[in-house]
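First the structure, in the form of structure tokens, and then the observations on it.
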Amino acid sequence: MASLTEEERAIDPYRVLGIEVTATEQQVKKAYRKRSLKCHPDKNPTPEAAQEFHRISIALAILTDPGKRAFLDKKLEQTRAAEARRAEMDAKRKDLLRREEEAKRARTAAQDAIRQKAKEEEIREAGKRLLEERRAQAAAMRANTAHTSHPPAASAKHLAPPPISPEDLTILLVVSAPPPNAEELRKQLGTKYGKIADVFVSAPKEGKKKVRAVVEFAPGNWGGCWSCLRDAGGIKGAKAKWVGAEPAWVKWAAAQDGTNSLSPPTGDRTHAPSPPSHTGTPAAAPSTRFGSGAFGSAPDHFASVTMFPDIANLTASHRQRAQDERTAHAELASAQESATLLRMRQREKERQDMERRIRQEEGDE
């Protein structure tokens, strides 16, 4: 089988003459004559035309020599097979990368969902623990009071006020969605009812239109607490109740006022109470219901009381845990990205090795 010279290897005779690989010898000669009319030196004396005429002459010589044409056709077939193999490898590599990216996104989405669910569960459990601790504290204080003092009901008006725990100054407001912002609700209620220690607004449950807001009034502001409970915070459509059982100071205040109970009236709750003082003195109760003796002053009963962690501390700990989770997630994502890059480099090296082997096989042939 005849071989090609370097000059003959440098051109593709089929492309030079503009014919197919399956063209007959007669078609080859016809294409040569057609192109030579445009670039023959007698018709076009430019250097470019002379170079083109030389190229089509080489192409004609190759394609009219059976040995050279057979050798050329074999090399072209090998080249096409190598290109097909490279295209197939590229397609497989792209498909592998696509599947890896999809799997990575699916794992990330699943991990995010698990972390979000765990975070929500942790917040709910922390809220339950905080409420249980405050209820236990209040129960212990009430039990201690019951053991140390058993005054007759008739002389209750002359007794000192009972101990007041944070839960005794905490009410639950149920309001319609959209949920109010905790800080805005704190300012709104503080303007009407005096100092407030803390406000916590829970997210609405799925499919529900009501949200719950826990409002803890500052120590001594029992008048503002009672007024807010009575008026449901002055919020249209809202409902208010004690977080736990009715505190003991309510009955004590009723005794000072000469009444038997301070239970909230069952009528309209939209009546706005008298504006409270912002200096720590509790708001005065409406004169139609309570005398000045009940809420005229409020001694500080919390000087020796050990307070439980408040919602602000609980929120701070949640923020710290969330920051730790984000840091761990970022480190995990970085490690996964490094592993993906390593796999891509390995596959690129494998592709280059295969191309090198193909070129060596072509050279051997």
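Naming scheme: A, B, ... for chains in displayed order of the structure tokens; residues 1 onward per chain; ligands 1 onward as shown.
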
Residues of range 109-245 of chain A in helix (DSSP H, G or I), written as a count of residues only: 75

Residue neighbourhood Thr79 in chain A, 10 Å, only C-alpha atoms, exclusion window fewer than 6 positions, as a list of chain:residue names: A:Asp73, A:Arg85, A:Ile358, A:Arg359, A:Glu362

Create the file for the chosen residues now, containing all heavy atoms and written as a PDB file, in the first residue's frame.
```pdb
ATOM      1  N   ASP A  73      -8.155   6.738   2.645  1.00  0.00           N
ATOM      2  CA  ASP A  73      -9.478   6.370   3.164  1.00  0.00           C
ATOM      3  C   ASP A  73      -9.362   5.641   4.499  1.00  0.00           C
ATOM      4  O   ASP A  73     -10.176   5.837   5.417  1.00  0.00           O
ATOM      5  CB  ASP A  73     -10.207   5.495   2.152  1.00  0.00           C
ATOM      6  CG  ASP A  73     -10.649   6.288   0.942  1.00  0.00           C
ATOM      7  OD1 ASP A  73     -10.650   7.536   1.026  1.00  0.00           O
ATOM      8  OD2 ASP A  73     -10.982   5.672  -0.092  1.00  0.00           O
ATOM      9  N   ARG A  85     -15.115   8.145  19.373  1.00  0.00           N
ATOM     10  CA  ARG A  85     -14.818   7.685  20.741  1.00  0.00           C
ATOM     11  C   ARG A  85     -14.662   8.870  21.692  1.00  0.00           C
ATOM     12  O   ARG A  85     -15.136   8.840  22.829  1.00  0.00           O
ATOM     13  CB  ARG A  85     -13.548   6.834  20.746  1.00  0.00           C
ATOM     14  CG  ARG A  85     -13.728   5.455  20.131  1.00  0.00           C
ATOM     15  CD  ARG A  85     -12.563   4.549  20.501  1.00  0.00           C
ATOM     16  NE  ARG A  85     -11.305   5.049  19.957  1.00  0.00           N
ATOM     17  CZ  ARG A  85     -10.826   4.744  18.751  1.00  0.00           C
ATOM     18  NH1 ARG A  85     -11.517   3.932  17.951  1.00  0.00           N
ATOM     19  NH2 ARG A  85      -9.671   5.229  18.347  1.00  0.00           N
ATOM     20  N   ILE A 358      -4.791   6.684  21.836  1.00  0.00           N
ATOM     21  CA  ILE A 358      -5.361   6.653  20.479  1.00  0.00           C
ATOM     22  C   ILE A 358      -4.367   7.191  19.463  1.00  0.00           C
ATOM     23  O   ILE A 358      -4.175   6.635  18.372  1.00  0.00           O
ATOM     24  CB  ILE A 358      -6.667   7.460  20.452  1.00  0.00           C
ATOM     25  CG1 ILE A 358      -7.744   6.746  21.285  1.00  0.00           C
ATOM     26  CG2 ILE A 358      -7.162   7.648  19.026  1.00  0.00           C
ATOM     27  CD1 ILE A 358      -9.001   7.550  21.474  1.00  0.00           C
ATOM     28  N   ARG A 359      -3.693   8.300  19.822  1.00  0.00           N
ATOM     29  CA  ARG A 359      -2.702   8.863  18.894  1.00  0.00           C
ATOM     30  C   ARG A 359      -1.533   7.903  18.671  1.00  0.00           C
ATOM     31  O   ARG A 359      -1.008   7.788  17.563  1.00  0.00           O
ATOM     32  CB  ARG A 359      -2.199  10.195  19.451  1.00  0.00           C
ATOM     33  CG  ARG A 359      -3.210  11.328  19.327  1.00  0.00           C
ATOM     34  CD  ARG A 359      -2.542  12.680  19.530  1.00  0.00           C
ATOM     35  NE  ARG A 359      -2.064  12.833  20.898  1.00  0.00           N
ATOM     36  CZ  ARG A 359      -2.793  13.340  21.884  1.00  0.00           C
ATOM     37  NH1 ARG A 359      -4.029  13.753  21.636  1.00  0.00           N
ATOM     38  NH2 ARG A 359      -2.301  13.448  23.106  1.00  0.00           N
ATOM     39  N   GLU A 362      -2.705   5.241  16.301  1.00  0.00           N
ATOM     40  CA  GLU A 362      -2.742   5.759  14.927  1.00  0.00           C
ATOM     41  C   GLU A 362      -1.336   5.851  14.345  1.00  0.00           C
ATOM     42  O   GLU A 362      -1.105   5.563  13.163  1.00  0.00           O
ATOM     43  CB  GLU A 362      -3.402   7.136  14.920  1.00  0.00           C
ATOM     44  CG  GLU A 362      -4.884   7.091  15.252  1.00  0.00           C
ATOM     45  CD  GLU A 362      -5.489   8.476  15.345  1.00  0.00           C
ATOM     46  OE1 GLU A 362      -4.707   9.448  15.311  1.00  0.00           O
ATOM     47  OE2 GLU A 362      -6.732   8.568  15.461  1.00  0.00           O
TER      48      GLU A 362
END
```

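Of the listed residues (A:Lys94, A:Ala49, A:Ile62, A:Ile123), A:Ile62 comes nearest to Thr5 in chain A; the distances count only C-alpha atoms.
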
Point-to-point distance in Å for CA of Lys68 in chain A and CA of Ser3 in chain A: 6.1 Å

Residue among A:Leu173, A:Leu229, A:Arg135, A:Arg212 lying closest to Ala245 in chain A, counting only C-alpha atoms: A:Arg135

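Residues of range 50-213 of chain A carrying a DSSP assignment of strand (DSSP E), computed from the backbone, are A:Thr170, A:Ile171, A:Leu172, A:Leu173, A:Val174, A:Val175, A:Ser176, A:Ile196, A:Ala197, A:Asp198, A:Val199, A:Phe200, A:Val201, A:Lys210, A:Val211, A:Arg212, A:Ala213.
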
Please provide the set of residues having any atom within 8 Å of Phe53 in chain A, restricted to only C-alpha atoms, with same-chain residues fewer than 6 positions apart removed, written as a tab-separated table (two decimals) with all heavy atoms, in the first residue's frame.
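Now in around02.tsv:
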```tsv
chain	number	residue	atom	x	y	z
A	36	SER	N	-10.20	24.14	-11.51
A	36	SER	CA	-9.01	24.64	-12.21
A	36	SER	C	-9.34	25.80	-13.13
A	36	SER	O	-8.46	26.61	-13.45
A	36	SER	CB	-8.35	23.50	-13.01
A	36	SER	OG	-9.23	23.04	-14.05
A	39	CYS	N	-8.66	28.94	-11.03
A	39	CYS	CA	-7.34	29.25	-10.47
A	39	CYS	C	-6.17	28.84	-11.38
A	39	CYS	O	-5.02	28.82	-10.92
A	39	CYS	CB	-7.18	28.60	-9.10
A	39	CYS	SG	-7.38	26.81	-9.11
A	40	HIS	N	-6.46	28.48	-12.63
A	40	HIS	CA	-5.35	28.12	-13.55
A	40	HIS	C	-4.48	29.35	-13.79
A	40	HIS	O	-4.99	30.46	-13.96
A	40	HIS	CB	-5.92	27.60	-14.88
A	40	HIS	CG	-4.88	26.88	-15.68
A	40	HIS	ND1	-3.98	27.55	-16.48
A	40	HIS	CD2	-4.61	25.55	-15.80
A	40	HIS	CE1	-3.18	26.67	-17.07
A	40	HIS	NE2	-3.56	25.43	-16.66
A	41	PRO	N	-3.14	29.19	-13.79
A	41	PRO	CA	-2.25	30.35	-13.97
A	41	PRO	C	-2.50	31.14	-15.25
A	41	PRO	O	-2.25	32.35	-15.30
A	41	PRO	CB	-0.86	29.71	-13.98
A	41	PRO	CG	-1.02	28.44	-13.19
A	41	PRO	CD	-2.39	27.96	-13.50
```

Find the residues around Ala61 in chain A up to 10 Å (only C-alpha atoms counted), leave out those fewer than 6 positions away in its own chain, and share them as a PDB file with N, CA and C atoms, in the first residue's frame.
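Wrote it out as result.pdb, contents follow:
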```pdb
ATOM      1  N   GLU A   8       1.406  15.785   0.909  1.00  0.00           N
ATOM      2  CA  GLU A   8       0.093  15.174   0.658  1.00  0.00           C
ATOM      3  C   GLU A   8      -0.692  14.963   1.966  1.00  0.00           C
ATOM      4  N   PRO A  13      -7.849  15.949   0.419  1.00  0.00           N
ATOM      5  CA  PRO A  13      -8.199  16.103  -1.008  1.00  0.00           C
ATOM      6  C   PRO A  13      -9.711  16.178  -1.254  1.00  0.00           C
ATOM      7  N   ARG A  55      -2.636  22.969  -4.965  1.00  0.00           N
ATOM      8  CA  ARG A  55      -3.333  22.132  -4.001  1.00  0.00           C
ATOM      9  C   ARG A  55      -4.328  21.194  -4.688  1.00  0.00           C
ATOM     10  N   LYS A  68      -2.754   5.259  -3.054  1.00  0.00           N
ATOM     11  CA  LYS A  68      -2.782   6.415  -2.153  1.00  0.00           C
ATOM     12  C   LYS A  68      -4.192   6.690  -1.635  1.00  0.00           C
ATOM     13  N   ARG A  69      -5.177   6.495  -2.549  1.00  0.00           N
ATOM     14  CA  ARG A  69      -6.554   6.763  -2.093  1.00  0.00           C
ATOM     15  C   ARG A  69      -6.987   5.752  -1.038  1.00  0.00           C
TER      16      ARG A  69
END
```

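Of the listed residues A:Ile11, A:Ala110, A:Ala238, A:Ala140, the one whose atoms come nearest to Ser176 in chain A is A:Ala238, with distances taken using only C-alpha atoms.
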
Using only C-alpha atoms, which protein or nucleic acid residues come within 12 Å of Thr340 in chain A? Drop anything in the same chain fewer than 6 positions from it, and give the result as a tab-separated table (two decimals) with C-alpha atoms, in the first residue's frame.
```tsv
chain	number	residue	atom	x	y	z
A	96	LEU	CA	-21.58	11.83	35.16
A	97	LEU	CA	-21.01	15.42	36.27
A	98	ARG	CA	-24.71	16.18	35.82
A	99	ARG	CA	-25.74	13.22	37.98
A	100	GLU	CA	-23.22	14.20	40.66
A	101	GLU	CA	-24.56	17.76	40.75
A	103	ALA	CA	-27.22	14.15	43.84
A	104	LYS	CA	-25.37	16.95	45.62
A	333	ALA	CA	-19.81	22.10	51.53
A	334	SER	CA	-16.12	23.04	51.09
A	346	GLN	CA	-9.01	12.50	37.63
A	347	ARG	CA	-11.51	12.12	34.80
```

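Reported to one decimal place, the separation of CA of Ser165 in chain A from CA of Leu131 in chain A is 12.4 Å.
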
Minimum-distance residue to Ala253 in chain A, chosen among A:Gly190, A:Gly127, A:Gly233, A:Pro162 (using only C-alpha atoms): A:Pro162

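Note that the spacing between CA of Arg142 in chain A and CA of Asp198 in chain A amounts to 22.8 Å.
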